[in-house]
>>> print(open('run.txt').read())   # compact mmCIF, C-alpha atoms
# COMPACT_ATOMS: atom_id res chain seq x y z
CA MET G 1 5.90 25.53 6.83
CA LYS G 2 5.32 26.80 3.31
CA ASP G 3 2.13 28.54 2.30
CA THR G 4 -0.86 26.26 1.84
CA LEU G 5 -4.14 26.39 -0.04
CA LEU G 6 -5.89 25.17 3.09
CA THR G 7 -7.62 27.81 5.19
CA GLU G 8 -7.32 28.04 8.97
CA LYS G 9 -10.85 26.65 9.19
CA ASP G 10 -9.89 23.67 7.02
CA ILE G 11 -6.91 22.95 9.23
CA GLU G 12 -9.04 23.19 12.37
CA THR G 13 -11.49 20.73 10.86
CA LEU G 14 -8.71 18.33 9.91
CA GLU G 15 -7.22 18.59 13.39
CA SER G 16 -10.60 17.67 14.87
CA TYR G 17 -10.47 14.44 12.87
CA ALA G 18 -6.89 13.61 13.82
CA GLU G 19 -7.74 11.20 16.64
CA GLY G 20 -8.94 8.27 14.61
CA TYR G 21 -11.19 9.74 11.90
CA PHE G 22 -8.77 9.11 9.07
CA TYR G 23 -11.32 8.54 6.32
CA LYS G 24 -12.96 11.82 7.24
CA ILE G 25 -9.63 13.57 6.75
CA LEU G 26 -9.37 12.17 3.24
CA GLN G 27 -13.00 13.01 2.47
CA HIS G 28 -12.55 16.60 3.66
CA ILE G 29 -9.49 17.03 1.46
CA ARG G 30 -11.28 15.49 -1.53
CA ASP G 31 -14.21 17.86 -1.01
CA PHE G 32 -11.86 20.83 -0.54
CA ILE G 33 -10.02 20.09 -3.77
CA ASP G 34 -13.21 19.38 -5.75
CA THR G 35 -14.76 22.67 -4.60
CA GLY G 36 -11.58 24.62 -5.29
CA LEU G 37 -11.35 23.21 -8.80
CA LYS G 38 -14.99 24.00 -9.58
CA GLU G 39 -14.54 27.55 -8.30
CA LYS G 40 -11.25 27.81 -10.23
CA ARG G 41 -9.35 28.94 -7.13
CA PHE G 42 -6.45 26.59 -7.96
CA THR G 43 -5.51 23.76 -10.29
CA GLN G 44 -5.14 20.05 -9.57
CA LYS G 45 -1.38 20.43 -9.98
CA GLU G 46 -1.30 23.22 -7.39
CA ALA G 47 -3.34 21.13 -4.94
CA GLU G 48 -0.96 18.20 -5.35
CA HIS G 49 2.05 20.48 -4.87
CA ASP G 50 0.98 21.69 -1.42
CA LEU G 51 3.08 20.38 1.46
CA GLU G 52 0.37 20.81 4.09
CA ILE G 53 -2.21 18.94 2.02
CA ALA G 54 0.26 16.14 1.30
CA LEU G 55 1.12 15.83 4.99
CA TRP G 56 -2.56 15.50 5.92
CA VAL G 57 -3.18 12.94 3.18
CA SER G 58 -0.17 10.90 4.29
CA TYR G 59 -1.15 11.16 7.97
CA ALA G 60 -4.54 9.65 7.20
CA CYS G 61 -3.23 7.06 4.76
CA ASN G 62 -0.39 5.84 6.97
CA ASN G 63 -2.75 5.46 9.92
CA ILE G 64 -5.31 3.49 7.91
CA ASP G 65 -2.51 0.93 7.71
CA GLU G 66 -3.42 -0.74 4.40
CA TYR G 67 -1.17 -1.24 1.40
CA GLU G 68 -3.24 0.78 -1.06
CA TYR G 69 -3.24 3.78 1.28
CA TYR G 70 0.51 3.60 1.84
CA TYR G 71 0.87 3.60 -1.94
CA THR G 72 -1.30 6.74 -2.08
CA ALA G 73 0.80 8.40 0.63
CA VAL G 74 3.97 7.75 -1.38
CA ARG G 75 2.51 9.42 -4.44
CA TRP G 76 1.34 12.54 -2.60
CA LEU G 77 4.54 12.94 -0.62
CA ALA G 78 6.78 12.42 -3.65
CA ASP G 79 5.05 15.34 -5.38
CA VAL G 80 6.17 17.76 -2.64
CA GLU G 81 9.69 16.53 -1.96
CA ASP G 82 11.10 19.83 -3.19
CA LEU G 83 9.16 21.60 -0.40
CA ALA G 84 10.23 19.24 2.40
CA GLU G 85 13.56 20.76 3.41
CA GLY G 86 13.94 20.63 7.19
CA CYS G 87 10.57 18.87 7.64
CA GLY G 88 11.19 15.77 9.72
CA VAL G 89 7.50 14.84 9.54
CA TRP G 90 7.69 14.58 5.74
CA TYR G 91 10.79 12.37 5.86
CA TYR G 92 9.32 10.13 8.54
CA ARG G 93 6.01 9.64 6.74
CA TYR G 94 7.63 9.17 3.36
CA SER G 95 10.07 6.59 4.71
CA SER G 96 7.25 4.76 6.50
CA ALA G 97 5.05 4.68 3.40
CA LEU G 98 7.94 3.49 1.23
CA MET G 99 8.67 0.77 3.76
CA TYR G 100 5.10 -0.56 3.71
CA CYS G 101 5.24 -0.56 -0.09
CA GLY G 102 8.25 -2.87 0.09
CA ARG G 103 10.73 -0.21 -1.06
CA LEU G 104 13.11 -0.74 1.83
CA THR G 105 16.34 0.62 0.37
CA GLU G 106 14.65 3.91 -0.47
CA ALA G 107 12.97 3.95 2.93
CA LEU G 108 16.39 3.73 4.62
CA VAL G 109 17.81 6.52 2.45
CA TYR G 110 15.01 8.89 3.42
CA ALA G 111 15.13 7.88 7.08
CA GLU G 112 18.84 8.76 7.14
CA LYS G 113 18.17 12.07 5.40
CA GLY G 114 15.32 12.83 7.76
CA VAL G 115 17.38 12.79 10.94
CA LEU G 116 19.92 15.07 9.27
CA GLU G 117 17.23 17.49 8.11
CA ASP G 118 15.40 17.56 11.44
CA PRO G 119 17.36 15.83 14.24
CA ALA G 120 14.91 17.11 16.87
CA TYR G 121 12.02 15.08 15.43
CA PRO G 122 12.05 11.89 17.54
CA TRP G 123 9.99 9.58 15.34
CA GLY G 124 12.51 9.88 12.54
CA TRP G 125 15.01 8.16 14.83
CA LEU G 126 12.46 5.45 15.68
CA GLN G 127 12.01 4.71 11.98
CA LEU G 128 15.73 4.83 11.27
CA ALA G 129 16.47 2.33 14.05
CA LYS G 130 14.09 -0.20 12.49
CA LEU G 131 15.60 0.10 9.04
CA ARG G 132 19.21 0.09 10.17
CA SER G 133 18.48 -3.10 12.07
CA HIS G 134 16.88 -4.69 9.02
CA PHE G 135 19.95 -3.94 6.92
CA GLY G 136 22.26 -5.47 9.50
CA ASP G 137 23.53 -2.35 11.32
CA SER G 138 22.69 -3.47 14.86
CA GLU G 139 24.96 -0.93 16.55
CA GLY G 140 23.62 1.92 14.43
CA ALA G 141 20.06 0.83 15.14
CA LEU G 142 20.57 0.94 18.91
CA SER G 143 22.32 4.30 18.60
CA ALA G 144 19.42 5.77 16.62
CA ASN G 145 16.91 4.39 19.11
CA LYS G 146 18.91 5.86 22.02
CA THR G 147 19.04 9.28 20.34
CA GLY G 148 15.28 9.27 19.81
CA LEU G 149 14.59 8.14 23.36
CA ALA G 150 16.63 11.05 24.68
CA LEU G 151 14.18 13.39 22.92
CA VAL G 152 11.13 11.71 24.52
CA PRO G 153 12.40 10.13 27.77
CA GLY G 154 10.37 7.17 28.95
CA ASP G 155 8.46 6.78 25.68
CA TYR G 156 6.89 3.32 25.39
CA GLU G 157 7.67 2.80 21.71
CA PHE G 158 11.36 3.51 22.08
CA LEU G 159 11.70 1.42 25.24
CA ARG G 160 9.90 -1.55 23.71
CA GLN G 161 11.85 -1.27 20.47
CA GLU G 162 15.16 -1.10 22.33
CA GLN G 163 14.52 -4.51 23.87
CA GLU G 164 13.49 -5.99 20.53
CA LEU G 165 16.56 -4.59 18.82
CA ILE G 166 18.73 -6.17 21.49
CA ARG G 167 16.97 -9.50 20.87
CA GLY G 168 17.55 -9.17 17.13
CA CYS G 169 13.89 -9.13 16.14
CA SER G 170 13.06 -8.96 12.45
CA LEU G 171 11.63 -5.84 10.82
CA GLU G 172 8.24 -7.53 10.62
CA GLU G 173 8.37 -8.25 14.35
CA LEU G 174 9.37 -4.65 15.07
CA LEU G 175 6.36 -3.45 13.09
CA ASN G 176 3.77 -5.74 14.66
CA HIS G 177 2.80 -3.28 17.38
CA TYR G 178 0.47 -0.43 18.20
CA ILE G 179 1.68 2.95 19.40
CA TYR G 180 -0.17 2.92 22.70
CA GLU G 181 0.95 0.49 25.38
CA GLU G 182 -2.51 -0.77 26.37
CA LEU G 183 -3.58 -1.47 22.77
CA ASP G 184 -0.22 -3.03 22.04
CA ARG G 185 -0.57 -5.34 25.02
CA ASP G 186 -4.04 -6.37 23.87
CA LEU G 187 -2.62 -7.10 20.41
CA SER G 188 0.25 -9.20 21.74
CA GLU G 189 -2.09 -11.13 24.06
CA GLY G 190 -4.53 -11.88 21.26
CA HIS G 191 -7.36 -9.71 22.57
CA LEU G 192 -7.37 -7.67 19.34
CA ASP G 193 -7.72 -8.96 15.80
CA GLY G 194 -4.31 -8.34 14.27
CA SER G 195 -5.11 -9.70 10.81
CA LEU G 196 -5.26 -6.30 9.09
CA LYS G 197 -1.95 -5.25 10.61
CA LEU G 198 -0.35 -8.52 9.55
CA ASP G 199 -1.75 -8.01 6.06
CA ALA G 200 -0.05 -4.62 5.85
CA ILE G 201 3.19 -6.01 7.26
CA SER G 202 3.17 -8.79 4.65
CA GLY G 203 3.90 -6.15 2.02
CA VAL G 204 7.16 -4.99 3.61
CA VAL G 205 9.84 -7.68 3.23
CA CYS G 206 10.03 -9.73 0.03
CA ASP G 207 10.85 -13.46 0.06
CA GLN G 208 12.77 -13.41 -3.21
CA GLU G 209 13.10 -17.19 -3.42
CA ASN G 210 9.36 -17.86 -3.13
CA LEU G 211 8.54 -14.97 -5.47
CA ALA G 212 10.84 -16.46 -8.11
CA ALA G 213 9.20 -19.86 -7.66
CA ILE G 214 5.73 -18.33 -8.10
CA LYS G 215 6.79 -16.58 -11.30
CA ASP G 216 8.27 -19.83 -12.56
CA ALA G 217 5.08 -21.79 -11.79
CA LEU G 218 3.05 -19.19 -13.69
CA GLN G 219 5.56 -19.04 -16.56
CA ALA G 220 5.02 -15.30 -16.18
CA GLU G 221 6.03 -12.89 -18.91
CA ASN G 222 6.01 -9.08 -19.14
CA TRP G 223 6.10 -8.82 -15.35
CA ILE G 224 5.17 -5.35 -14.05
CA PRO G 225 5.46 -5.08 -10.23
CA ASP G 226 3.94 -2.79 -7.64
CA VAL G 227 1.96 -0.21 -9.66
CA PRO G 228 0.28 -0.70 -7.26
CA TYR G 229 -0.22 -4.39 -8.01
CA CYS G 230 1.68 -7.06 -9.94
CA SER G 231 0.53 -7.69 -13.51
CA PHE G 232 1.86 -10.11 -16.11
CA ARG G 233 0.90 -12.47 -18.91
CA PHE G 234 0.90 -16.25 -18.65
CA PRO G 235 0.24 -19.14 -21.05
CA TYR G 236 -3.15 -20.83 -20.82
CA GLY G 237 -3.92 -23.43 -23.43
CA GLU G 238 -3.05 -21.91 -26.77
CA GLN G 239 -3.37 -18.31 -25.61
CA MET G 240 -1.71 -15.77 -23.33
CA VAL G 241 -3.88 -14.48 -20.50
CA ILE G 242 -3.44 -11.34 -18.40
CA GLY G 243 -2.84 -12.03 -14.72
CA VAL G 244 -3.08 -9.56 -11.84
CA PHE G 245 -2.18 -10.13 -8.21
CA GLU G 246 -3.91 -7.49 -6.10
CA MET G 247 -0.83 -7.04 -3.92
CA ASN G 248 2.77 -5.95 -4.22
CA GLU G 249 5.70 -8.31 -4.72
CA ALA G 250 6.47 -8.55 -1.01
CA ALA G 251 2.92 -9.64 -0.15
CA LEU G 252 2.82 -11.97 -3.15
CA SER G 253 6.02 -13.61 -1.95
CA LYS G 254 4.13 -14.75 1.18
CA VAL G 255 1.48 -16.56 -0.88
CA SER G 256 1.63 -20.36 -0.82
CA LEU G 257 3.32 -21.80 -3.89
CA ASN G 258 1.08 -24.86 -3.54
CA TRP G 259 -2.00 -22.64 -3.77
CA ILE G 260 -0.68 -21.10 -6.98
CA ARG G 261 -0.10 -24.55 -8.48
CA GLU G 262 -3.51 -25.84 -7.37
CA THR G 263 -5.22 -22.74 -8.75
CA LEU G 264 -3.56 -23.16 -12.15
CA ALA G 265 -4.48 -26.85 -12.21
CA ASN G 266 -8.13 -26.08 -11.37
CA LEU G 267 -8.41 -23.11 -13.73
CA PRO G 268 -10.02 -25.06 -16.63
CA THR G 269 -12.77 -26.31 -14.32
CA VAL G 270 -13.36 -22.85 -12.86
CA GLU G 271 -13.35 -21.36 -16.35
CA LYS G 272 -16.03 -23.80 -17.54
CA ILE G 273 -18.27 -23.06 -14.56
CA GLN G 274 -17.85 -19.29 -14.97
CA LYS G 275 -18.51 -19.44 -18.71
CA GLU G 276 -21.75 -21.36 -18.18
CA SER G 277 -22.85 -18.90 -15.50
CA GLU G 278 -22.03 -15.85 -17.61
CA SER G 279 -23.66 -17.40 -20.68
CA GLN G 280 -26.91 -17.97 -18.80
CA ALA G 281 -26.88 -14.42 -17.45
CA SER G 282 -26.01 -12.68 -20.74
CA GLY G 283 -27.39 -14.95 -23.41
CA ILE G 284 -23.97 -15.10 -25.06
CA PRO G 285 -22.92 -18.60 -26.14
CA ALA G 286 -20.35 -20.04 -23.75
CA ASP G 287 -18.01 -20.97 -26.61
CA ALA G 288 -17.96 -17.31 -27.69
CA LEU G 289 -16.46 -16.24 -24.36
CA VAL G 290 -12.66 -16.12 -24.29
CA LEU G 291 -10.78 -15.97 -21.00
CA ASP G 292 -8.97 -12.63 -20.96
CA GLN G 293 -7.85 -11.93 -17.39
CA VAL G 294 -7.44 -13.67 -14.04
CA VAL G 295 -7.25 -11.61 -10.85
CA PHE G 296 -5.71 -13.23 -7.77
CA TYR G 297 -6.76 -11.77 -4.41
CA ARG G 298 -5.06 -11.79 -1.03
CA ASN G 299 -7.72 -14.03 0.52
CA GLN G 300 -6.77 -16.78 -1.97
CA SER G 301 -9.77 -16.31 -4.22
CA ILE G 302 -9.73 -15.48 -7.91
CA ALA G 303 -11.95 -13.72 -10.43
CA LEU G 304 -12.16 -14.51 -14.15
CA PHE G 305 -12.94 -11.97 -16.85
CA PHE G 306 -13.88 -12.82 -20.41
CA ASP G 307 -13.44 -11.12 -23.76
CA HIS G 308 -16.81 -10.76 -25.51
CA SER G 309 -15.45 -9.64 -28.88
CA ALA G 310 -16.03 -13.03 -30.44
CA ALA G 311 -19.61 -12.93 -29.20
CA SER G 312 -20.08 -9.48 -30.72
CA ILE G 313 -19.01 -10.82 -34.09
CA LEU G 314 -21.40 -13.76 -33.80
CA LYS G 315 -24.32 -11.47 -32.93
CA MET G 316 -23.76 -8.95 -35.73
CA PRO G 317 -26.89 -8.67 -37.91
CA ASP G 318 -26.64 -9.63 -41.56
CA SER G 319 -25.64 -6.75 -43.83
CA PRO G 320 -28.42 -5.60 -46.14
CA ILE G 321 -27.99 -6.78 -49.71
CA CYS G 322 -27.98 -3.93 -52.12
CA SER G 323 -29.42 -4.53 -55.59
>>> encode(input="run.txt", output="C-alpha cells")
Amino acid sequence: MKDTLLTEKDIETLESYAEGYFYKILQHIRDFIDTGLKEKRFTQKEAEHDLEIALWVSYACNNIDEYEYYYTAVRWLADVEDLAEGCGVWYYRYSSALMYCGRLTEALVYAEKGVLEDPAYPWGWLQLAKLRSHFGDSEGALSANKTGLALVPGDYEFLRQEQELIRGCSLEELLNHYIYEELDRDLSEGHLDGSLKLDAISGVVCDQENLAAIKDALQAENWIPDVPYCSFRFPYGEQMVIGVFEMNEAALSKVSLNWIRETLANLPTVEKIQKESESQASGIPADALVLDQVVFYRNQSIALFFDHSAASILKMPDSPICS
C-alpha cells in the first residue's frame, strides 16, 4: 500500500464503520478532506490522488448499491489507477463500479487485468466469472469461478454462482443476490424488499433496441449519455426543450416506451397546469413562462422547469425620460 494522507486514527474510525455504516464512511472522509484543506495540510488534488482514500470511498459507494454512488466510485478510483499496481481490491471495485454504470466492456477488461495483477484475491475471480459469462465465455466463466473457490473453499457466493453459471443465468440474475446466505435466501423468498437492488441492476445491461425506440419517440438531438444522466434536446411545439433522464442509458432502456409516448402526449396539459400553478405562486403571467426543461425520473414522474426571461422583460420598469 502506498503512503496515505489518512492517519492511523482515521483508518481505525473508518474500519469501525465498515460493517454497514457506509454513509458514515463517506461523511468521515468528507470531514477529513474539508479539515485538511482548511488547515492547508494538502490540496484537493492530493486528496483525490490517494489510493487508500479512494478505496474507502469506493467501498462505501459500492455497498450503498445505488447508481449515483457507483458513478462516484468510478471517478475516485479512476484518479488513482496509476497507484493500483498489484492491488486486486482496486481492480475488483473498479470493475464492479464500471459494471453498475453500464460500462461492461471496460468492466471485463479490468476484471481480467485484476486477476493477473493479484491472482490471490478471490473476489476478482468472482467478478471475472460473471463478466465472462455475460460475454459468452461459459467455459472461461466456470474456470474463473473454480479458481476463486479454491482460494475460499466452501464459500457461499462461489458455490451459488457456480450453479447459476451452469444454468446459463443472465448477468442480471447473477447480480440479484446478497453476499450472506441468510439474507440472500430472504431476498429470493420475497421476505426482503429487493426494489433498490433491482433498481441498481437495471443500470447494468442496456436494451439497445428499446433505447433506440425511446430516442426515436422523443426525436432526441444532441444526446449526451451517462454523465451521470442522459441529457438531450427534443422538439416541443415550435421550440427545442432540454430533456434529462435521471438515469443512465441501461436503466433508461428498461423504461416503458408506451409511458414515454403517453408522457409526450400529455405534456401540453401538464405544462398548462404547471404554468398556472407557478403563475399563482410567483405573480408572473402564465404566458410569460416558457418551458425550458423536462426531467424524467425513474419512478415514472416528471418535473417541468420554466424560463422566466420573458417575464423579466415584461416586468422591467419604464426607463426615465431625460429632458
>>> residues_near_point(input="run.txt", point="(-1.2, -5.5, -8.5)", cutoff="8 Å", atoms="all atoms listed in the file", output="PDB file with C-alpha atoms, in the frame of the given file")
ATOM      1  CA  PRO G 225       5.460  -5.080 -10.230  1.00  0.00           C
ATOM      2  CA  ASP G 226       3.940  -2.790  -7.640  1.00  0.00           C
ATOM      3  CA  VAL G 227       1.960  -0.210  -9.660  1.00  0.00           C
ATOM      4  CA  PRO G 228       0.280  -0.700  -7.260  1.00  0.00           C
ATOM      5  CA  TYR G 229      -0.220  -4.390  -8.010  1.00  0.00           C
ATOM      6  CA  CYS G 230       1.680  -7.060  -9.940  1.00  0.00           C
ATOM      7  CA  SER G 231       0.530  -7.690 -13.510  1.00  0.00           C
ATOM      8  CA  VAL G 244      -3.080  -9.560 -11.840  1.00  0.00           C
ATOM      9  CA  PHE G 245      -2.180 -10.130  -8.210  1.00  0.00           C
ATOM     10  CA  GLU G 246      -3.910  -7.490  -6.100  1.00  0.00           C
ATOM     11  CA  MET G 247      -0.830  -7.040  -3.920  1.00  0.00           C
ATOM     12  CA  ASN G 248       2.770  -5.950  -4.220  1.00  0.00           C
TER      13      ASN G 248
END
>>> closest_residue(input="run.txt", among="G:Glu173, G:Glu68, G:Asp34, G:Asp216", to="G:Arg261", atoms="only C-alpha atoms")
G:Asp216
>>> residues_near_point(input="run.txt", point="(7.0, -19.3, -14.1)", cutoff="12 Å", atoms="all atoms listed in the file", output="list of chain:residue names")
G:Asn210, G:Leu211, G:Ala212, G:Ala213, G:Ile214, G:Lys215, G:Asp216, G:Ala217, G:Leu218, G:Gln219, G:Ala220, G:Glu221, G:Asn222, G:Trp223, G:Phe232, G:Arg233, G:Phe234, G:Pro235, G:Leu257, G:Ile260, G:Arg261, G:Leu264
>>> atom_distance(input="run.txt", atom1="atom CA of G:Ser58", atom2="atom CA of G:Ile201")
17.5 Å
>>> residues_around(input="run.txt", residues="stretch 150-157 of chain G", least_positions_apart="3", cutoff="9 Å", atoms="all atoms listed in the file", output="JSON, numbers by chain")
{"G": [120, 121, 122, 126, 145, 146, 147, 160, 161, 162, 177, 178, 179, 180, 181]}
>>> write_last_selection(input="run.txt", atoms="C-alpha atoms", output="PDB file, in the coordinates of the input")
ATOM      1  CA  ALA G 120      14.910  17.110  16.870  1.00  0.00           C
ATOM      2  CA  TYR G 121      12.020  15.080  15.430  1.00  0.00           C
ATOM      3  CA  PRO G 122      12.050  11.890  17.540  1.00  0.00           C
ATOM      4  CA  LEU G 126      12.460   5.450  15.680  1.00  0.00           C
ATOM      5  CA  ASN G 145      16.910   4.390  19.110  1.00  0.00           C
ATOM      6  CA  LYS G 146      18.910   5.860  22.020  1.00  0.00           C
ATOM      7  CA  THR G 147      19.040   9.280  20.340  1.00  0.00           C
ATOM      8  CA  ARG G 160       9.900  -1.550  23.710  1.00  0.00           C
ATOM      9  CA  GLN G 161      11.850  -1.270  20.470  1.00  0.00           C
ATOM     10  CA  GLU G 162      15.160  -1.100  22.330  1.00  0.00           C
ATOM     11  CA  HIS G 177       2.800  -3.280  17.380  1.00  0.00           C
ATOM     12  CA  TYR G 178       0.470  -0.430  18.200  1.00  0.00           C
ATOM     13  CA  ILE G 179       1.680   2.950  19.400  1.00  0.00           C
ATOM     14  CA  TYR G 180      -0.170   2.920  22.700  1.00  0.00           C
ATOM     15  CA  GLU G 181       0.950   0.490  25.380  1.00  0.00           C
TER      16      GLU G 181
END
>>> axis_aligned_box(input="run.txt", around="stretch 192-200 of chain G", padding_each_side="3 Å", output="lines of an AutoDock Vina configuration file")
center_x = -3.9
center_y = -7.2
center_z = 12.6
size_x = 13.7
size_y = 11.1
size_z = 19.5
>>> closest_residue(input="run.txt", among="G:Ile11, G:Met99, G:Ile166, G:Val80", to="G:Glu139", atoms="all atoms listed in the file")
G:Ile166
>>> residues_around(input="run.txt", residues="stretch 42-46 of chain G", least_positions_apart="4", cutoff="9 Å", atoms="all atoms listed in the file", output="number ranges by chain")
G: 5, 33-34, 36-37, 50
>>> residues_around(input="run.txt", residues="G:Gln274", least_positions_apart="2", cutoff="10 Å", atoms="all atoms listed in the file", output="PDB file with C-alpha atoms, in the coordinates of the input")
ATOM      1  CA  PRO G 268     -10.020 -25.060 -16.630  1.00  0.00           C
ATOM      2  CA  THR G 269     -12.770 -26.310 -14.320  1.00  0.00           C
ATOM      3  CA  VAL G 270     -13.360 -22.850 -12.860  1.00  0.00           C
ATOM      4  CA  GLU G 271     -13.350 -21.360 -16.350  1.00  0.00           C
ATOM      5  CA  LYS G 272     -16.030 -23.800 -17.540  1.00  0.00           C
ATOM      6  CA  GLU G 276     -21.750 -21.360 -18.180  1.00  0.00           C
ATOM      7  CA  SER G 277     -22.850 -18.900 -15.500  1.00  0.00           C
ATOM      8  CA  GLU G 278     -22.030 -15.850 -17.610  1.00  0.00           C
ATOM      9  CA  SER G 279     -23.660 -17.400 -20.680  1.00  0.00           C
ATOM     10  CA  GLN G 280     -26.910 -17.970 -18.800  1.00  0.00           C
ATOM     11  CA  ALA G 286     -20.350 -20.040 -23.750  1.00  0.00           C
ATOM     12  CA  LEU G 289     -16.460 -16.240 -24.360  1.00  0.00           C
ATOM     13  CA  LEU G 291     -10.780 -15.970 -21.000  1.00  0.00           C
ATOM     14  CA  ALA G 303     -11.950 -13.720 -10.430  1.00  0.00           C
ATOM     15  CA  LEU G 304     -12.160 -14.510 -14.150  1.00  0.00           C
ATOM     16  CA  PHE G 305     -12.940 -11.970 -16.850  1.00  0.00           C
ATOM     17  CA  PHE G 306     -13.880 -12.820 -20.410  1.00  0.00           C
TER      18      PHE G 306
END
>>> closest_residue(input="run.txt", among="G:Leu187, G:Ile284, G:Leu159, G:Val255", to="G:Phe296", atoms="all atoms listed in the file")
G:Val255
>>> atom_distance(input="run.txt", atom1="atom CA of G:Gly136", atom2="atom CA of G:Leu174")
14.1 Å
>>> closest_residue(input="run.txt", among="G:Ser253, G:Asn63, G:Ser170, G:Gln127", to="G:Tyr91", atoms="all atoms listed in the file")
G:Gln127
>>> closest_residue(input="run.txt", among="G:Cys101, G:Asp137, G:Gly86, G:Leu131", to="G:Val115", atoms="all atoms listed in the file")
G:Gly86
>>> atom_distance(input="run.txt", atom1="atom CA of G:Thr263", atom2="atom CA of G:Gln300")
9.2 Å
>>> residues_around(input="run.txt", residues="stretch 26-30 of chain G", least_positions_apart="4", cutoff="7 Å", atoms="all atoms listed in the file", output="list in words")
Phe22, Asp34, Val57 and Ala60 of chain G
